[in-house]
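Asker: Below is the file target_28.txt, with compact mmCIF, C-alpha atoms.
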```txt
# COMPACT_ATOMS: atom_id res chain seq x y z
CA MET P 1 72.21 -24.69 30.55
CA PRO P 2 75.77 -25.62 31.53
CA LYS P 3 77.03 -24.60 34.93
CA GLY P 4 78.32 -21.10 35.44
CA ILE P 5 76.87 -19.61 32.27
CA GLY P 6 74.58 -16.62 32.23
CA ARG P 7 75.22 -15.41 35.77
CA ILE P 8 74.79 -11.66 35.77
CA LYS P 9 75.88 -8.78 37.95
CA ILE P 10 74.82 -5.19 37.20
CA ARG P 11 76.17 -2.30 39.23
CA ILE P 12 74.74 1.20 39.40
CA PRO P 13 75.46 3.97 41.94
CA ARG P 14 73.55 3.75 45.22
CA LYS P 15 72.38 7.37 45.20
CA ILE P 16 71.31 8.92 41.92
CA LYS P 17 70.42 12.57 41.37
CA LYS P 18 67.79 13.31 38.77
CA GLY P 19 69.32 14.17 35.43
CA ALA P 20 72.79 12.96 36.44
CA VAL P 21 74.87 10.86 34.08
CA ILE P 22 75.49 7.57 35.87
CA PRO P 23 77.87 4.71 35.03
CA VAL P 24 76.34 1.26 34.56
CA LYS P 25 78.62 -1.77 34.82
CA ALA P 26 77.47 -5.22 33.78
CA LEU P 27 79.19 -8.58 33.95
CA ILE P 28 77.95 -11.89 32.55
CA THR P 29 79.65 -15.26 32.75
CA HIS P 30 79.96 -16.97 29.39
CA PRO P 31 82.71 -19.11 27.82
CA MET P 32 82.67 -17.15 24.51
CA GLU P 33 84.18 -20.03 22.52
CA THR P 34 85.52 -18.83 19.19
CA GLY P 35 85.10 -22.11 17.32
CA PHE P 36 88.77 -22.14 16.40
CA ARG P 37 90.10 -23.78 19.55
CA LYS P 38 90.85 -27.47 19.63
CA ASN P 39 90.39 -29.97 22.40
CA LYS P 40 94.00 -30.91 23.03
CA LYS P 41 93.24 -34.52 23.93
CA THR P 42 90.85 -35.50 21.14
CA GLY P 43 92.00 -33.03 18.49
CA LYS P 44 88.42 -32.07 17.69
CA LYS P 45 87.35 -28.47 17.37
CA ILE P 46 85.31 -26.96 20.18
CA PRO P 47 82.15 -25.57 18.55
CA ALA P 48 81.61 -21.82 18.54
CA TYR P 49 79.50 -20.54 21.40
CA TYR P 50 79.42 -16.82 22.00
CA ILE P 51 77.14 -13.89 22.69
CA ASN P 52 76.37 -11.96 19.52
CA ASP P 53 73.60 -9.59 20.50
CA VAL P 54 73.20 -7.24 23.45
CA ASN P 55 70.31 -4.86 23.99
CA VAL P 56 69.84 -2.35 26.76
CA TYR P 57 66.40 -0.95 27.56
CA TYR P 58 65.66 2.00 29.82
CA GLY P 59 61.97 1.87 30.46
CA ASP P 60 60.52 0.87 27.08
CA LYS P 61 63.19 2.61 25.08
CA LEU P 62 66.09 0.76 23.49
CA ILE P 63 69.08 2.87 24.45
CA THR P 64 72.04 0.70 23.39
CA HIS P 65 72.58 -2.18 21.04
CA CYS P 66 75.82 -4.14 20.60
CA ASP P 67 76.85 -6.70 18.00
CA TRP P 68 79.50 -8.86 19.59
CA THR P 69 81.69 -11.36 17.81
CA ILE P 70 84.30 -13.95 18.77
CA ALA P 71 86.82 -11.23 19.57
CA VAL P 72 85.13 -10.49 22.88
CA SER P 73 86.75 -12.19 25.88
CA ALA P 74 85.25 -14.85 28.11
CA ASN P 75 83.01 -13.50 30.89
CA PRO P 76 82.43 -10.20 29.09
CA PHE P 77 82.22 -7.00 31.08
CA MET P 78 80.61 -3.87 29.67
CA SER P 79 80.14 -0.39 31.04
CA PHE P 80 78.33 2.63 29.68
CA TYR P 81 76.73 5.88 30.83
CA VAL P 82 73.05 6.64 31.14
CA LYS P 83 71.35 9.96 31.82
CA ALA P 84 69.03 9.15 34.71
CA ASP P 85 66.11 11.43 33.91
CA LYS P 86 63.24 9.14 34.87
CA ALA P 87 62.38 6.42 37.35
CA ALA P 88 62.32 3.29 35.24
CA PRO P 89 63.78 -0.21 35.11
CA LEU P 90 67.04 -0.72 33.23
CA LYS P 91 67.02 -4.06 31.46
CA ILE P 92 69.98 -5.69 29.73
CA VAL P 93 69.41 -8.68 27.45
CA TRP P 94 72.21 -10.90 26.16
CA LYS P 95 71.59 -13.43 23.39
CA ASP P 96 74.04 -16.13 22.32
CA ILE P 97 74.24 -18.09 19.07
CA LYS P 98 72.82 -21.28 20.59
CA GLY P 99 69.58 -19.52 21.48
CA GLY P 100 70.34 -18.71 25.08
CA VAL P 101 68.74 -15.53 26.38
CA TYR P 102 70.00 -14.01 29.62
CA GLU P 103 68.51 -10.89 31.10
CA LYS P 104 68.52 -8.89 34.28
CA THR P 105 66.70 -5.78 35.41
CA VAL P 106 67.74 -3.12 37.89
CA GLN P 107 65.56 -0.26 39.02
CA ILE P 108 66.84 3.27 38.55
CA THR P 109 65.12 5.68 40.90
CA PRO P 110 66.54 9.21 40.76
CA GLU P 111 65.92 11.32 43.85
CA MET G 112 147.48 -19.37 26.37
CA LEU G 113 144.20 -19.23 24.51
CA LEU G 114 143.77 -22.98 24.86
CA LEU G 115 144.34 -22.68 28.60
CA SER G 116 141.71 -20.01 29.05
CA VAL G 117 139.19 -22.06 27.08
CA THR G 118 139.84 -25.02 29.35
CA VAL G 119 139.39 -22.83 32.40
CA VAL G 120 136.03 -21.61 31.08
CA ILE G 121 134.85 -25.14 30.42
CA VAL G 122 135.93 -26.34 33.86
CA SER G 123 134.26 -23.45 35.63
CA PHE G 124 131.09 -23.94 33.61
CA GLY G 125 131.09 -27.59 34.54
CA LEU G 126 131.43 -26.70 38.18
CA THR G 127 128.50 -24.28 38.19
CA ARG G 128 126.34 -26.83 36.43
CA SER G 129 127.08 -29.51 38.99
CA GLN G 130 126.46 -27.09 41.84
CA ALA G 131 123.22 -25.93 40.32
CA ALA G 132 121.85 -29.42 39.80
CA ASP G 133 122.67 -30.50 43.31
CA ASP G 134 120.93 -33.72 44.27
CA THR G 135 122.55 -34.30 47.62
CA GLY G 136 119.51 -33.07 49.52
CA THR G 137 121.06 -29.98 51.07
CA ILE G 138 119.19 -26.82 50.13
CA LYS G 139 121.18 -23.77 49.27
CA GLU G 140 118.74 -21.00 50.03
CA PHE G 141 118.67 -17.91 47.86
CA LYS G 142 118.60 -14.42 49.22
CA GLN G 143 115.39 -12.53 48.53
CA SER G 144 116.15 -10.21 45.63
CA VAL G 145 113.82 -7.47 46.87
CA SER G 146 111.64 -7.11 49.96
CA PRO G 147 107.90 -7.76 49.55
CA GLU G 148 107.24 -4.04 50.07
CA GLU G 149 109.66 -3.10 47.33
CA TYR G 150 108.02 -5.70 45.07
CA GLN G 151 104.59 -4.16 45.72
CA ARG G 152 105.98 -0.76 44.76
CA ARG G 153 107.43 -2.11 41.52
CA TYR G 154 104.18 -3.92 40.75
CA LYS G 155 102.19 -0.69 41.13
CA GLU G 156 104.69 1.13 38.95
CA PHE G 157 104.65 -1.53 36.25
CA TYR G 158 101.01 -2.61 36.07
CA GLY G 159 99.13 0.12 37.93
CA ASN G 160 96.03 -1.09 39.75
CA PHE G 161 93.88 -2.31 36.90
CA THR G 162 93.44 -5.83 38.29
CA GLU G 163 92.15 -4.42 41.56
CA GLN G 164 89.75 -2.21 39.64
CA MET G 165 88.52 -5.09 37.52
CA ALA G 166 88.06 -7.27 40.58
CA GLU G 167 86.01 -4.54 42.22
CA GLU G 168 83.82 -4.02 39.17
CA GLY G 169 82.99 -7.69 38.89
CA ASN G 170 84.93 -10.82 39.69
CA PRO G 171 83.34 -13.75 37.80
CA ALA G 172 84.39 -16.06 40.62
CA ASP G 173 81.94 -14.31 42.96
CA PHE G 174 79.13 -16.32 41.40
CA MET G 175 80.98 -19.51 42.29
CA VAL G 176 80.94 -18.58 45.97
CA ASP G 177 77.13 -18.40 45.82
CA ASP G 178 77.01 -21.76 44.05
CA GLY G 179 79.32 -23.22 46.69
CA LYS G 180 76.95 -22.10 49.41
CA VAL G 181 74.10 -23.98 47.75
CA LEU G 182 76.28 -27.09 47.40
CA PHE G 183 77.33 -26.86 51.03
CA ASN G 184 73.72 -27.16 52.18
CA LYS G 185 72.78 -29.80 49.61
CA VAL G 186 72.39 -33.44 50.67
CA ALA G 187 74.67 -35.86 48.82
CA GLY G 188 75.71 -39.47 49.18
CA THR G 189 74.25 -42.60 50.74
CA LYS G 190 74.08 -41.40 54.34
CA GLY G 191 71.64 -38.57 53.64
CA LYS G 192 73.93 -35.88 54.92
CA SER G 193 75.16 -32.56 53.65
CA CYS G 194 78.20 -30.59 54.76
CA ALA G 195 75.81 -28.46 56.80
CA SER G 196 74.59 -31.49 58.84
CA CYS G 197 77.88 -31.51 60.79
CA HIS G 198 79.18 -27.97 60.33
CA LYS G 199 75.87 -26.15 61.03
CA ASP G 200 73.89 -24.14 58.49
CA ASP G 201 76.08 -22.25 56.03
CA GLY G 202 79.16 -23.64 57.80
CA LYS G 203 79.17 -21.44 60.90
CA ASP G 204 81.57 -23.90 62.55
CA LEU G 205 84.07 -23.51 59.75
CA VAL G 206 84.67 -19.79 60.19
CA GLY G 207 88.42 -19.44 60.48
CA ALA G 208 89.10 -23.09 59.72
CA ALA G 209 90.74 -22.40 56.37
CA THR G 210 93.42 -20.25 58.00
CA ARG G 211 95.00 -23.39 59.50
CA PHE G 212 95.14 -25.36 56.24
CA PRO G 213 97.14 -27.16 54.84
CA LYS G 214 97.89 -29.20 57.95
CA TYR G 215 99.08 -32.63 59.03
CA ASP G 216 96.59 -35.48 59.17
CA ALA G 217 97.52 -38.71 60.95
CA SER G 218 95.03 -40.86 59.01
CA ILE G 219 96.74 -40.26 55.66
CA LYS G 220 100.18 -39.69 57.23
CA GLY G 221 100.61 -36.57 55.19
CA ILE G 222 99.47 -33.04 54.56
CA LYS G 223 95.85 -32.34 53.77
CA THR G 224 94.61 -29.31 51.89
CA VAL G 225 91.10 -27.90 51.96
CA ALA G 226 90.28 -29.67 48.69
CA LEU G 227 91.53 -33.02 50.01
CA GLN G 228 89.73 -32.53 53.33
CA ILE G 229 86.43 -31.98 51.51
CA ASN G 230 86.88 -35.15 49.49
CA MET G 231 87.90 -37.14 52.58
CA CYS G 232 84.84 -35.85 54.39
CA ARG G 233 82.56 -36.78 51.51
CA LYS G 234 83.93 -40.30 51.34
CA LYS G 235 84.04 -41.03 55.07
CA ASN G 236 81.12 -39.13 56.55
CA MET G 237 78.69 -38.63 53.69
CA GLY G 238 79.20 -41.77 51.61
CA ALA G 239 79.42 -39.61 48.51
CA LYS G 240 81.73 -39.78 45.56
CA PRO G 241 84.85 -37.64 45.82
CA MET G 242 84.71 -34.61 43.56
CA LYS G 243 86.93 -34.33 40.52
CA TYR G 244 89.64 -31.76 41.09
CA GLN G 245 89.25 -28.51 39.16
CA SER G 246 85.65 -29.32 38.30
CA TYR G 247 83.19 -26.45 38.74
CA ASP G 248 81.49 -27.90 41.81
CA GLN G 249 84.74 -28.78 43.53
CA LEU G 250 86.18 -25.29 43.09
CA ALA G 251 82.90 -23.70 44.15
CA LEU G 252 82.82 -25.69 47.39
CA VAL G 253 86.47 -24.96 48.19
CA LEU G 254 85.85 -21.29 47.43
CA TYR G 255 82.87 -21.14 49.76
CA VAL G 256 84.67 -22.88 52.65
CA LYS G 257 87.68 -20.61 52.23
CA SER G 258 85.56 -17.48 51.86
CA LEU G 259 84.19 -18.09 55.38
CA SER G 260 87.67 -17.15 56.65
CA ASN G 261 87.99 -14.04 54.50
CA GLY G 262 89.99 -11.32 56.19
CA MET G 263 91.46 -13.60 58.86
CA PRO G 264 95.25 -13.96 58.99
CA ILE G 265 96.75 -17.19 57.72
CA ASN G 266 98.22 -19.20 60.57
CA VAL G 267 99.75 -22.42 59.27
CA SER G 268 101.75 -24.43 61.76
CA ILE G 269 104.86 -26.32 60.67
CA ASP G 270 105.74 -27.69 64.11
CA GLY G 271 105.61 -31.32 65.17
CA PRO G 272 104.65 -33.95 62.61
CA ALA G 273 104.25 -31.39 59.80
CA ARG G 274 107.93 -30.49 59.92
CA PRO G 275 109.34 -33.24 57.63
CA PHE G 276 106.65 -32.48 55.05
CA TYR G 277 107.52 -28.80 55.21
CA GLU G 278 111.16 -29.70 54.53
CA LYS G 279 110.10 -31.90 51.61
CA GLY G 280 108.00 -29.10 50.15
CA LYS G 281 110.87 -26.69 50.53
CA ALA G 282 113.25 -29.12 48.83
CA PHE G 283 110.80 -29.42 45.94
CA TYR G 284 110.57 -25.65 45.73
CA TYR G 285 114.34 -25.42 45.39
CA LYS G 286 114.75 -28.47 43.15
CA ARG G 287 115.91 -27.70 39.64
CA MET G 288 113.92 -29.53 37.00
CA GLY G 289 112.83 -29.56 33.40
CA GLN G 290 114.71 -28.87 30.22
CA LEU G 291 115.34 -25.29 31.27
CA ASN G 292 116.82 -26.41 34.60
CA PHE G 293 114.80 -23.92 36.64
CA SER G 294 113.46 -24.25 40.12
CA CYS G 295 110.50 -22.34 41.54
CA ALA G 296 112.89 -20.46 43.79
CA VAL G 297 115.08 -19.16 40.99
CA CYS G 298 112.30 -16.98 39.67
CA HIS G 299 110.29 -16.25 42.77
CA VAL G 300 113.09 -15.74 45.28
CA LYS G 301 116.30 -14.97 43.43
CA TYR G 302 114.85 -12.85 40.63
CA ALA G 303 111.51 -11.75 42.08
CA GLY G 304 110.81 -8.12 41.30
CA TYR G 305 112.85 -8.22 38.10
CA LYS G 306 111.46 -8.60 34.63
CA ALA G 307 111.28 -11.66 32.42
CA ARG G 308 110.57 -10.16 29.02
CA ALA G 309 107.35 -8.20 29.51
CA ASN G 310 106.43 -9.74 32.85
CA LEU G 311 107.30 -8.74 36.36
CA ILE G 312 108.28 -11.87 38.30
CA SER G 313 106.21 -12.08 41.45
CA ASN G 314 107.45 -12.33 44.98
CA ASN G 315 106.37 -15.49 46.81
CA ARG G 316 105.09 -13.67 49.90
CA HIS G 317 101.63 -13.23 48.34
CA HIS G 318 101.44 -16.50 46.44
CA ALA G 319 99.12 -18.53 48.64
CA ASP G 320 96.63 -16.09 50.15
CA HIS G 321 94.08 -15.69 47.36
CA TRP G 322 93.39 -19.12 45.82
CA PRO G 323 91.15 -20.32 44.16
CA SER G 324 91.42 -17.26 41.93
CA TYR G 325 89.94 -16.04 38.70
CA ARG G 326 92.76 -15.66 36.19
CA LEU G 327 92.42 -13.59 33.04
CA LYS G 328 94.88 -15.84 31.22
CA TRP G 329 92.73 -18.89 31.87
CA GLY G 330 89.41 -17.09 31.57
CA LYS G 331 88.42 -19.39 34.41
CA THR G 332 88.78 -19.93 38.10
CA GLY G 333 91.54 -22.31 39.15
CA SER G 334 93.39 -23.51 42.18
CA LEU G 335 96.96 -22.96 43.35
CA GLN G 336 97.86 -26.44 42.17
CA ARG G 337 96.73 -25.60 38.65
CA ARG G 338 99.17 -22.71 38.83
CA PHE G 339 101.90 -25.12 40.00
CA ARG G 340 101.23 -27.23 36.93
CA GLY G 341 101.37 -24.18 34.67
CA CYS G 342 104.69 -23.12 36.13
CA MET G 343 106.13 -26.61 35.73
CA LYS G 344 105.06 -26.63 32.09
CA ASN G 345 106.85 -23.31 31.64
CA MET G 346 110.02 -24.94 32.98
CA ARG G 347 109.53 -27.76 30.45
CA ALA G 348 109.07 -30.22 33.29
CA LYS G 349 106.34 -32.83 33.50
CA PRO G 350 103.58 -31.54 35.78
CA LEU G 351 102.35 -33.74 38.62
CA ALA G 352 98.75 -34.76 39.30
CA TYR G 353 96.43 -32.61 41.39
CA GLN G 354 96.77 -33.15 45.14
CA SER G 355 99.81 -35.37 44.68
CA GLU G 356 102.04 -35.61 47.74
CA LEU G 357 104.73 -33.18 46.60
CA TYR G 358 102.22 -30.53 45.58
CA ARG G 359 100.54 -30.74 48.97
CA ASP G 360 103.90 -30.39 50.72
CA MET G 361 104.79 -27.43 48.54
CA GLU G 362 101.44 -25.83 49.26
CA LEU G 363 102.27 -26.11 52.97
CA TYR G 364 105.63 -24.45 52.37
CA LEU G 365 104.15 -21.62 50.32
CA THR G 366 101.23 -21.01 52.66
CA ASN G 367 103.62 -20.84 55.58
CA ILE G 368 105.47 -18.03 53.79
CA SER G 369 102.16 -16.13 53.58
CA ASN G 370 101.56 -16.49 57.34
CA GLY G 371 100.00 -13.39 58.83
CA LEU G 372 98.43 -12.17 55.61
CA PRO G 373 94.63 -12.11 55.44
CA ILE G 374 92.86 -14.66 53.26
CA GLU G 375 91.24 -12.93 50.28
CA VAL G 376 89.21 -15.29 48.14
CA PRO G 377 88.22 -15.31 45.37
CA GLY G 378 91.29 -13.58 44.02
CA PHE G 379 91.60 -11.88 40.67
CA ARG G 380 94.89 -12.12 38.83
CA MET G 381 96.30 -11.55 35.38
```
Could you show the structure in this file as structure tokens?
Answerer:
Amino acid sequence: MPKGIGRIKIRIPRKIKKGAVIPVKALITHPMETGFRKNKKTGKKIPAYYINDVNVYYGDKLITHCDWTIAVSANPFMSFYVKADKAAPLKIVWKDIKGGVYEKTVQITPE
Amino acid sequence: MLLLSVTVVIVSFGLTRSQAADDTGTIKEFKQSVSPEEYQRRYKEFYGNFTEQMAEEGNPADFMVDDGKVLFNKVAGTKGKSCASCHKDDGKDLVGAATRFPKYDASIKGIKTVALQINMCRKKNMGAKPMKYQSYDQLALVLYVKSLSNGMPINVSIDGPARPFYEKGKAFYYKRMGQLNFSCAVCHVKYAGYKARANLISNNRHHADHWPSYRLKWGKTGSLQRRFRGCMKNMRAKPLAYQSELYRDMELYLTNISNGLPIEVPGFRM
């Protein structure tokens, strides 16, 4: 894996009330090459390399799925809302077109 | 009568050109167009605070700081040393060191920046290869060393032997170059706070306190000298190499302007 790819940061609120709708913010580092850019020195095309599949699991349940394409920027950042009605791990899985799988889990424990 | 007025216009145009492209060495300083406070107000009005928000939610350069910490403690080179062998674990000795950079070094008879200091240290004390500028590892290490001084005010001295280099950096800042005949100072002193098309031209007070920064335009983290090169390309001038003498002098000049401001790395800019 090249350097600086697939580093993940997920942010959730520190204190969560049961049943509250909480924001989840996730950042992953990835070059997201479109495949259309050229290396200016050699003139060759830089091969496409981007994340095309994102799944979010809350407990065992798949709660969000995203199909991403080349239009998404480098180091993509996503945020969404979850109703925190149970104590369960929140897992986000990113998959890119070269077979890389990056995932991170945070624990949601409503009080 | 018409002919006369045309001649007058041509003569006056010729005069302004020759004054503008002055190569005699004397610097005609510009007056700051707006105060830094007024610039901040205009910035907020024009862009809002979305970069601050994005930086808070997740700055991709934060991961580089962690990587830099690992590199700092990692042994490299023929002498079996790491940075931490001399500067204690995690660089406790280097807290506050970055506030005094760039500074004069007698061994190279010039100005050294943090990046140059790291490479000098690697060559002399560790027997390791110098790092390639703008490579991931190099930026990560510079970021980590600078992040140790986060929140401390910049205090760059231009007294004594550093003075002639400061003057050189200043002269370079005011030197008109490129096909468009701009100098750095035209935009960032004379017209700072005004708009160039859809951009607000930034004031140079805050130019040197946040590098290396993550830049949305690059989609990557880069150093101040990469920004210098970008600006010189915009002026249609030929950019200089990283850590070349003039860039180091100009970094001294710019950092001195930011004196008193806290270091905030890694930055997050548009």
Asker: I want to know what sits within 10 Å of Lys328 of chain G, based on all atoms listed in the file, with residues of the same chain fewer than 3 positions away left out; could you give that as a PyMOL selection string?
Answerer: chain G and resi 325+331+380-381
Asker: Identify which of the residues P:Gly4, P:Pro23, P:Gly43, P:Pro13 lies closest to Phe80 of chain P, counting all atoms listed in the file when measuring atom-to-atom distances.
Answerer: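 Closest candidate: P:Pro23.
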Asker: Would you mind telling me which residue in P:Lys45, P:Arg7, P:Lys95, P:Lys104 lies nearest to chain G when using only C-alpha atoms?
Answerer: P:Arg7
Asker: Please, what distance in Å, to one decimal, runs between atom CA of Gly6 of chain P and atom CA of Leu227 of chain G?
Answerer: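 Taking atom CA of Gly6 of chain P as the start and atom CA of Leu227 of chain G as the end point, the length is 29.5 Å.
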Asker: What residues have an atom no more than 6 Å from (66.1, -2.4, 36.6) in the file's own frame, counting all atoms listed in the file, and can you write them as a CSV table (one decimal) with C-alpha atoms, in the coordinates of the input?
Answerer:
```csv
chain,number,residue,atom,x,y,z
P,89,PRO,CA,63.8,-0.2,35.1
P,90,LEU,CA,67.0,-0.7,33.2
P,91,LYS,CA,67.0,-4.1,31.5
P,105,THR,CA,66.7,-5.8,35.4
P,106,VAL,CA,67.7,-3.1,37.9
P,107,GLN,CA,65.6,-0.3,39.0
```
Asker: For a quick check of understanding, using only C-alpha atoms, which of P:Thr109, P:Asn52, P:Thr64, P:Ser73 has the smallest distance to chain G?
Answerer: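 Using only C-alpha atoms, the shortest distance to chain G belongs to P:Ser73.
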Asker: Could you tell me how far atom CA of Leu372 of chain G sits from atom CA of Ile138 of chain G, in Å to one decimal place?
Answerer: 26.0 Å
Asker: Quick one, how far is atom CA of Lys3 of chain P from atom CA of Pro171 of chain G?
Answerer: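 Atom CA of Pro171 of chain G lies at a distance of 12.9 Å from atom CA of Lys3 of chain P.
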Asker: Set the cut-off to 9 Å and count only C-alpha atoms: what are the residues of chain P that reach chain G? Output as JSON, numbers by chain.
Answerer: {"P": [3, 4, 7, 8, 9, 10, 11, 25, 26, 27, 28, 29, 31, 73, 74, 75, 77]}
Asker: Take the point (70.9, -2.2, 23.5) in the file's coordinates, draw a sphere of radius 12 Å around it, and report as a PyMOL selection string every protein, DNA or RNA residue with an atom inside or on it, counting only C-alpha atoms.
Answerer: chain P and resi 52-58+60-68+78+80+82+90-95+103
Asker: Could you check which of G:Asn230, G:Ser313, G:Thr210, G:Gln151 is closest to Cys194 of chain G, using all atoms listed in the file?
Answerer: G:Asn230
Asker: Between G:Arg274, G:Lys240, G:Lys257, G:Arg347, which is the closest to Gly221 of chain G once you count all atoms listed in the file?
Answerer: G:Arg274
Asker: Would you mind telling me which residue in P:Pro47, P:Gly59, P:Pro76, P:Pro110 lies nearest to His30 of chain P when using all atoms listed in the file?
Answerer: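 Result for the nearest residue to His30 of chain P: P:Pro76.
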